[in-house]
Amino acid sequence: MLAAGLILFELTVLVIMESYKYYNNFSASGFFSRQFLKDLSSNFNIFYTGNLFWLILFLLSAAALINIFIYIGKVNESALRILFLFSLILTALLTFALYIPSSDAIDSYTVKFIQLNAKGTKIVLLSLFAVAELFLTISLCVLSFSALKKYYFFRSIWLTIFVVVITVGAIFASVYYYSDDLDKITNSKQQLDAGVVLGAAVWGGNRPSPVLRERINKSAELYNSGLIKSIVLTGGGAPGEMTEAEVSKNELLKKGVNESNIFVENKSNSTLEQMIYINRNFYIKNNWKEIAIITDNFHLFRSKQICNFFGMSVKTVASDTPLSTESTFYYSLKESFAIVLFWLFGIG
């Protein structure tokens, strides 16, 4: 019965986590609504990294539990009972994490008790769940496939730490050593539908920061070279100030870019929000085939992953912003964790 309960738990986790990232990003009215199920079926890709993660965890857990069934007489029942109890704790954690609102309305409560806003609290809870679920899967494998069919708690802990470190290290390397597609775009001489400039900070006097200026310059360079047909500028701003997109537009007009080929999105506050807007309001409506994402090199890998999730075909172009080794390391590490959050939960 305990093993059966664990299999049911793992199957439930698989279904919920495979669906949640789509529910989170496709404006679904309800988890079981007809529109959501339609969006899920048309956009679900089993080979997407986040989907593969949850599927692999399920398959490993299922294999371990089947082996436990086969050798049930040798398995330590108290260890299985502990793992079943742990799955109940994870069920409560996941339920709380999924149902806590991400709105500003409860920020005062979450800051008071957890020292984070609502969105930050959700991220922490979901991250804890993912690590704990990985630990449970490894624990089941240790119990099932050890020679004596005993549970080794510290072995499970060290294996979990090892898997997390190796995974984050591999993602970090992908971000740090990422190479953009500028040479491919230049050599193919194929004009892309648009170049999307991701927003960055605006300084006093409605001036673009050096980071934003380099992104603007790169988009103008691509436009003047005939490599992109138009430019989409993204990024919101504080009340009473010009938005990042509007400041960028003024800079492009000074460079002689035709205003009719400039499009502005000035409400977003994150990369994910920008990509959702681009997908819904430009890529799909205009039947675009391929676009260029223009941002700093450390930001390109995550931007491309988000675009791939929404089915957009993209090329990536790095701006020429100079960064120190320390800054590149810091931003690449930060991006690595952001990529994991998007892969697993669709949060960005």
# chains A, B, ... in the order shown; residues from 1 in each chain; ligands from 1
call {"tool": "select_by_dssp", "arguments": {"residues": "range 89-294 of chain A", "states": "alpha helix (DSSP H)", "output": "MDAnalysis selection string"}}
result
chainID A and resid 89:99 107:114 118:145 153:176 182:188 210:224 244:254 271:278
call {"tool": "residues_around", "arguments": {"residues": "Phe172 in chain A", "least_positions_apart": "2", "cutoff": "10 Å", "atoms": "only C-alpha atoms", "output": "PDB file with N, CA and C atoms, in the first residue's frame"}}
result
ATOM      1  N   ILE A 166      26.183  19.462 -10.382  1.00  0.00           N
ATOM      2  CA  ILE A 166      26.544  19.122 -11.766  1.00  0.00           C
ATOM      3  C   ILE A 166      25.582  19.780 -12.751  1.00  0.00           C
ATOM      4  N   THR A 167      24.294  19.765 -12.417  1.00  0.00           N
ATOM      5  CA  THR A 167      23.291  20.354 -13.307  1.00  0.00           C
ATOM      6  C   THR A 167      23.475  21.860 -13.437  1.00  0.00           C
ATOM      7  N   VAL A 168      23.599  22.536 -12.292  1.00  0.00           N
ATOM      8  CA  VAL A 168      23.796  23.989 -12.319  1.00  0.00           C
ATOM      9  C   VAL A 168      25.103  24.339 -13.026  1.00  0.00           C
ATOM     10  N   GLY A 169      26.143  23.525 -12.797  1.00  0.00           N
ATOM     11  CA  GLY A 169      27.424  23.767 -13.463  1.00  0.00           C
ATOM     12  C   GLY A 169      27.324  23.660 -14.972  1.00  0.00           C
ATOM     13  N   ALA A 170      26.578  22.674 -15.447  1.00  0.00           N
ATOM     14  CA  ALA A 170      26.411  22.497 -16.896  1.00  0.00           C
ATOM     15  C   ALA A 170      25.626  23.657 -17.500  1.00  0.00           C
ATOM     16  N   SER A 174      26.838  26.640 -20.216  1.00  0.00           N
ATOM     17  CA  SER A 174      26.079  26.951 -21.432  1.00  0.00           C
ATOM     18  C   SER A 174      25.821  28.444 -21.555  1.00  0.00           C
ATOM     19  N   VAL A 175      25.590  29.102 -20.412  1.00  0.00           N
ATOM     20  CA  VAL A 175      25.343  30.545 -20.413  1.00  0.00           C
ATOM     21  C   VAL A 175      26.641  31.312 -20.612  1.00  0.00           C
ATOM     22  N   TYR A 176      27.657  30.945 -19.846  1.00  0.00           N
ATOM     23  CA  TYR A 176      28.921  31.688 -19.834  1.00  0.00           C
ATOM     24  C   TYR A 176      29.619  31.633 -21.188  1.00  0.00           C
ATOM     25  N   TYR A 177      29.579  30.469 -21.819  1.00  0.00           N
ATOM     26  CA  TYR A 177      30.291  30.291 -23.092  1.00  0.00           C
ATOM     27  C   TYR A 177      29.357  30.349 -24.300  1.00  0.00           C
ATOM     28  N   TYR A 178      28.178  30.914 -24.119  1.00  0.00           N
ATOM     29  CA  TYR A 178      27.215  30.970 -25.218  1.00  0.00           C
ATOM     30  C   TYR A 178      27.756  31.841 -26.353  1.00  0.00           C
ATOM     31  N   PHE A 298      25.207  37.166 -21.906  1.00  0.00           N
ATOM     32  CA  PHE A 298      24.814  36.276 -20.818  1.00  0.00           C
ATOM     33  C   PHE A 298      23.299  36.083 -20.750  1.00  0.00           C
ATOM     34  N   PHE A 329      30.692  36.495 -14.701  1.00  0.00           N
ATOM     35  CA  PHE A 329      30.481  35.314 -13.846  1.00  0.00           C
ATOM     36  C   PHE A 329      29.204  35.467 -13.031  1.00  0.00           C
ATOM     37  N   TYR A 331      26.521  37.495 -13.489  1.00  0.00           N
ATOM     38  CA  TYR A 331      25.294  37.505 -14.279  1.00  0.00           C
ATOM     39  C   TYR A 331      25.006  36.132 -14.891  1.00  0.00           C
ATOM     40  N   SER A 332      26.030  35.403 -15.260  1.00  0.00           N
ATOM     41  CA  SER A 332      25.838  34.065 -15.825  1.00  0.00           C
ATOM     42  C   SER A 332      25.289  33.111 -14.771  1.00  0.00           C
ATOM     43  N   LEU A 333      25.785  33.233 -13.532  1.00  0.00           N
ATOM     44  CA  LEU A 333      25.281  32.390 -12.447  1.00  0.00           C
ATOM     45  C   LEU A 333      23.821  32.726 -12.145  1.00  0.00           C
ATOM     46  N   LYS A 334      23.514  34.013 -12.116  1.00  0.00           N
ATOM     47  CA  LYS A 334      22.140  34.457 -11.879  1.00  0.00           C
ATOM     48  C   LYS A 334      21.210  33.946 -12.975  1.00  0.00           C
ATOM     49  N   GLU A 335      21.658  34.035 -14.226  1.00  0.00           N
ATOM     50  CA  GLU A 335      20.863  33.546 -15.350  1.00  0.00           C
ATOM     51  C   GLU A 335      20.650  32.038 -15.278  1.00  0.00           C
ATOM     52  N   SER A 336      21.634  31.318 -14.772  1.00  0.00           N
ATOM     53  CA  SER A 336      21.532  29.851 -14.670  1.00  0.00           C
ATOM     54  C   SER A 336      20.353  29.456 -13.792  1.00  0.00           C
ATOM     55  N   PHE A 337      20.223  30.108 -12.643  1.00  0.00           N
ATOM     56  CA  PHE A 337      19.100  29.805 -11.759  1.00  0.00           C
ATOM     57  C   PHE A 337      17.779  30.259 -12.373  1.00  0.00           C
ATOM     58  N   ILE A 339      17.062  30.300 -15.528  1.00  0.00           N
ATOM     59  CA  ILE A 339      16.717  29.323 -16.568  1.00  0.00           C
ATOM     60  C   ILE A 339      16.056  28.102 -15.958  1.00  0.00           C
TER      61      ILE A 339
END
call {"tool": "closest_residue", "arguments": {"among": "A:Asn286, A:Leu98, A:Phe69, A:Lys150", "to": "Ser127 in chain A", "atoms": "only C-alpha atoms"}}
result
A:Leu98
call {"tool": "residues_around", "arguments": {"residues": "Arg81 in chain A", "least_positions_apart": "2", "cutoff": "12 Å", "atoms": "only C-alpha atoms", "output": "list of chain:residue names"}}
result
A:Met1, A:Leu2, A:Ala3, A:Ala4, A:Gly5, A:Leu6, A:Val75, A:Asn76, A:Glu77, A:Ser78, A:Ala79, A:Leu83, A:Phe84, A:Leu85, A:Phe86, A:Ser87, A:Leu88, A:Leu140, A:Leu143, A:Tyr151
call {"tool": "closest_atom_pairs", "arguments": {"of": "range 281-327 of chain A", "to": "range 212-222 of chain A", "cutoff": "10 Å", "atoms": "only C-alpha atoms", "output": "CSV"}}
result
residue,atom,partner,partner_atom,distance
A:Ala292,CA,A:Ser219,CA,9.2
A:Ile293,CA,A:Ser219,CA,9.3
A:Ile294,CA,A:Arg215,CA,6.3
A:Thr295,CA,A:Arg215,CA,5.8
A:Asp296,CA,A:Arg215,CA,7.5
A:Val317,CA,A:Lys218,CA,8.2
A:Ala318,CA,A:Arg215,CA,7.9
A:Ser319,CA,A:Arg215,CA,5.1
A:Asp320,CA,A:Glu214,CA,5.9
A:Thr321,CA,A:Glu214,CA,5.9
A:Pro322,CA,A:Glu214,CA,9.4
call {"tool": "residues_around", "arguments": {"residues": "Ser260 in chain A", "least_positions_apart": "6", "cutoff": "12 Å", "atoms": "only C-alpha atoms", "output": "list in words"}}
result
Lys229, Ser230, Ile231, Val232, Lys249, Leu252 and Leu253 of chain A
call {"tool": "write_last_selection", "arguments": {"atoms": "N, CA and C atoms", "output": "short mmCIF file (atom, residue, chain, number, x, y, z; two decimals), in the first residue's frame"}}
result
data_model
loop_
_atom_site.label_atom_id
_atom_site.label_comp_id
_atom_site.auth_asym_id
_atom_site.auth_seq_id
_atom_site.Cartn_x
_atom_site.Cartn_y
_atom_site.Cartn_z
N LYS A 229 13.97 43.54 -40.88
CA LYS A 229 13.02 44.44 -41.55
C LYS A 229 12.55 45.55 -40.62
N SER A 230 12.40 45.22 -39.34
CA SER A 230 11.87 46.19 -38.39
C SER A 230 12.51 45.95 -37.02
N ILE A 231 12.22 46.86 -36.09
CA ILE A 231 12.78 46.77 -34.75
C ILE A 231 11.65 46.87 -33.73
N VAL A 232 11.61 45.92 -32.81
CA VAL A 232 10.64 45.95 -31.71
C VAL A 232 11.39 46.31 -30.43
N LYS A 249 13.32 54.22 -28.61
CA LYS A 249 12.76 54.71 -29.87
C LYS A 249 13.36 56.07 -30.24
N LEU A 252 16.76 55.57 -31.69
CA LEU A 252 16.75 55.02 -33.06
C LEU A 252 16.35 56.07 -34.08
N LEU A 253 15.41 56.93 -33.70
CA LEU A 253 15.00 58.00 -34.62
C LEU A 253 16.17 58.94 -34.91
#
call {"tool": "residues_around", "arguments": {"residues": "Ile70 in chain A", "least_positions_apart": "6", "cutoff": "12 Å", "atoms": "only C-alpha atoms", "output": "list in words"}}
result
Ala3, Ala63, Ala64, Ser144, Phe145 and Lys149 of chain A
call {"tool": "residues_around", "arguments": {"residues": "Val124 in chain A", "least_positions_apart": "5", "cutoff": "9 Å", "atoms": "only C-alpha atoms", "output": "PyMOL selection string"}}
result
chain A and resi 97+119+129
